[in-house]
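Let me begin by presenting the structure, written as structure tokens, before commenting on it.
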Amino acid sequence: MNSLPDEAVEHPDGRMTSVSRSRIALVGVSIAATTALLAGCAASNGSPTPSASSTAADTSPVSLTFVGYGGVGQAAMIKYYQLPYTLEHTNVTFVNSSPPDVAQVKAQVLAGSITQDIVATSPAAAEQGCGTIFEPLNLKSVDTKNLVPGTVGKCYIGNFINASPFAYLDSAYPDPSKAPKTLADFFDTKKFPGKRGMLTNLQNGILEYPLLADGVKPSKLYPLDIDRALKKLDSIRDDTIFAPNVGVLQQDVASGQVDMFMLSDSRDVPLMDSGVKMTIVWDTTVASLNAFAVPKGDPKAAAASRFLAEAITNTDAVEGISETLGTAPVNLAAKADLSPSAQKLQVFNKSVNKGKTVVQNIPWYTKNFDLATAKLTAWLAG
């Protein structure tokens with residue numbers, strides 16, 4: 001599917017920020033639960049290793065290329081992260097692009113030609129490539145007392161948590177007594193015929209969900225048995241659309257191309273708001289920390305670090321994004337006023353989610369990200 005056309009966003013002072021509108025993938029979480037769930041998951045939750053770049057204030061003009069997942073998520077980041085920052089730092093402008101691709105970042109680093117400055121990625125990818133693909137960040141100015149442990153790593157800073165709950169369209173299963181109720185039902189094509197939809201991004205649980213459906217207990221999930229997960233996925237291959245990004249799957253849901261799906265909660269919210277009737281199946285839900293990183297050797301690393309340090313500690317900005325996307329922030333000082341649709345997707349709110357939640361294990365993915373990616377890519381290629 002083609003990307004949406006570029007859009008220009010105007011600052012109050014007349015300057016413009018451009019955004020390549022495309023796809024997104026983001027989040028959902030309860031503040032109280034995340035503190036415990038993320039503790040100990042990051043390579044560092046204190047002061048990260050400084051980069052070689054100077055962090056002294058610099059008023060020289062600088063344009064930062066920001067690569068996000070597109071869609072409403074990136075639009076929110078432009079409105080709440082970027083625009084307020086450029087009002088305070090008039091020498092800084094942003095160019096927006098999407099979607100992010102670690103392989104693309106690696107190619108730029110190897111070629112010595114960095115064209116991206118801030119890239120949305122998984123903490124595991126950032127930590128695995130720390131010092132080779134991604135720059136050790138100088139985030140000394142970040143006050144971590146209000147941040148969920150694990151938010152700040154050596155080569156990343158967290159933004160929010162993705163949750164990709166199992167859901168189905170009410171029109172596909174109008175009788176609740178005969179509708180899917182467990183993850184096992186998602187993989188039972190005989191009892192529950194219909195088209196499935198899954199995201200191929202590792203952060204959205206494509207390896208965890210088949211293992212959980214196959215009987216693996218959440219507490220025994222890691223280390224992941226990748227081969228077993230792929231074997232379970234074999235059972236639904238012919239009945240499933242494996243979407244390369246959240247934008248594609250969101251449109252598949254909106255157009256009724258899939259009957260049941262596992263889509264980022266931030267994309268479920270606008271679907272609900274637009275009138276799409278869906279039911280969330282709260283069995284066991286996979287969640288993951290989303291983060292920002294800077295390509296290794298980026299000459300603008302110091303400017304990028306300054307922006308990231310301010311963005312994540314700006315409670316007004318974090319609250320704005322949370323309220324727009326239906327997420328709760330990793331900054332505990334932020335108190336979001338969530339919409340009715342967003343409240344229905346709060347994965348760590350026990351009054352909403354009666355099931356269990358698995359937060360992806362960052363250390364395991366840090367060690368096995370390349371292996372998991374390679375095996376999944378080979379399986380998807382058939």
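Starting from 1 in every chain, residues are counted up; chains themselves are A, B, ... following the order of the structure tokens, and ligands are numbered from 1 as listed.
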
Closest atom pairs, region 174-204 of chain A residues within 10 Å of region 274-290 of chain A, only C-alpha atoms, as CSV:
```
residue,atom,partner,partner_atom,distance
A:Pro176,CA,A:Thr279,CA,9.4
A:Ala179,CA,A:Thr279,CA,9.5
A:Pro180,CA,A:Val281,CA,7.5
A:Lys181,CA,A:Val281,CA,6.0
A:Thr182,CA,A:Asp283,CA,5.5
A:Leu183,CA,A:Asp283,CA,6.5
A:Ala184,CA,A:Asp283,CA,9.5
A:Leu202,CA,A:Ser288,CA,9.6
A:Gln203,CA,A:Ser288,CA,6.1
A:Asn204,CA,A:Val286,CA,7.0
```

Exercise: Ser113 (chain A) partners within 10 Å, only C-alpha atoms, chain neighbours under 6 positions left out, as a VMD selection string: chain A and resid 105 107 297 to 298

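Shortest separation to Glu310 (chain A) among A:Lys154, A:Arg237, A:His89, A:Lys350 occurs at residue A:His89, atoms counted being only C-alpha atoms.
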
Kindly indicate which residue among A:Tyr80, A:Tyr222, A:Tyr69, A:Phe166 lies nearest to Gln360 (chain A), using only C-alpha atoms for the distances. A:Tyr222

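Between Leu380 (chain A) and the candidates A:Thr313, A:Thr240, A:Thr90, A:Gln257, the tightest atom-to-atom separation, counting only C-alpha atoms, involves A:Thr240.
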
Could you pull out the strand (DSSP E) residues of region 259-347 of chain A, going by DSSP on the backbone, and write them as a list of chain:residue names? A:Met260, A:Phe261, A:Met262, A:Met278, A:Thr279, A:Ile280, A:Val281, A:Thr284, A:Thr285, A:Val286, A:Ala287, A:Ser288, A:Leu289, A:Asn290, A:Ala291, A:Phe292, A:Ala293
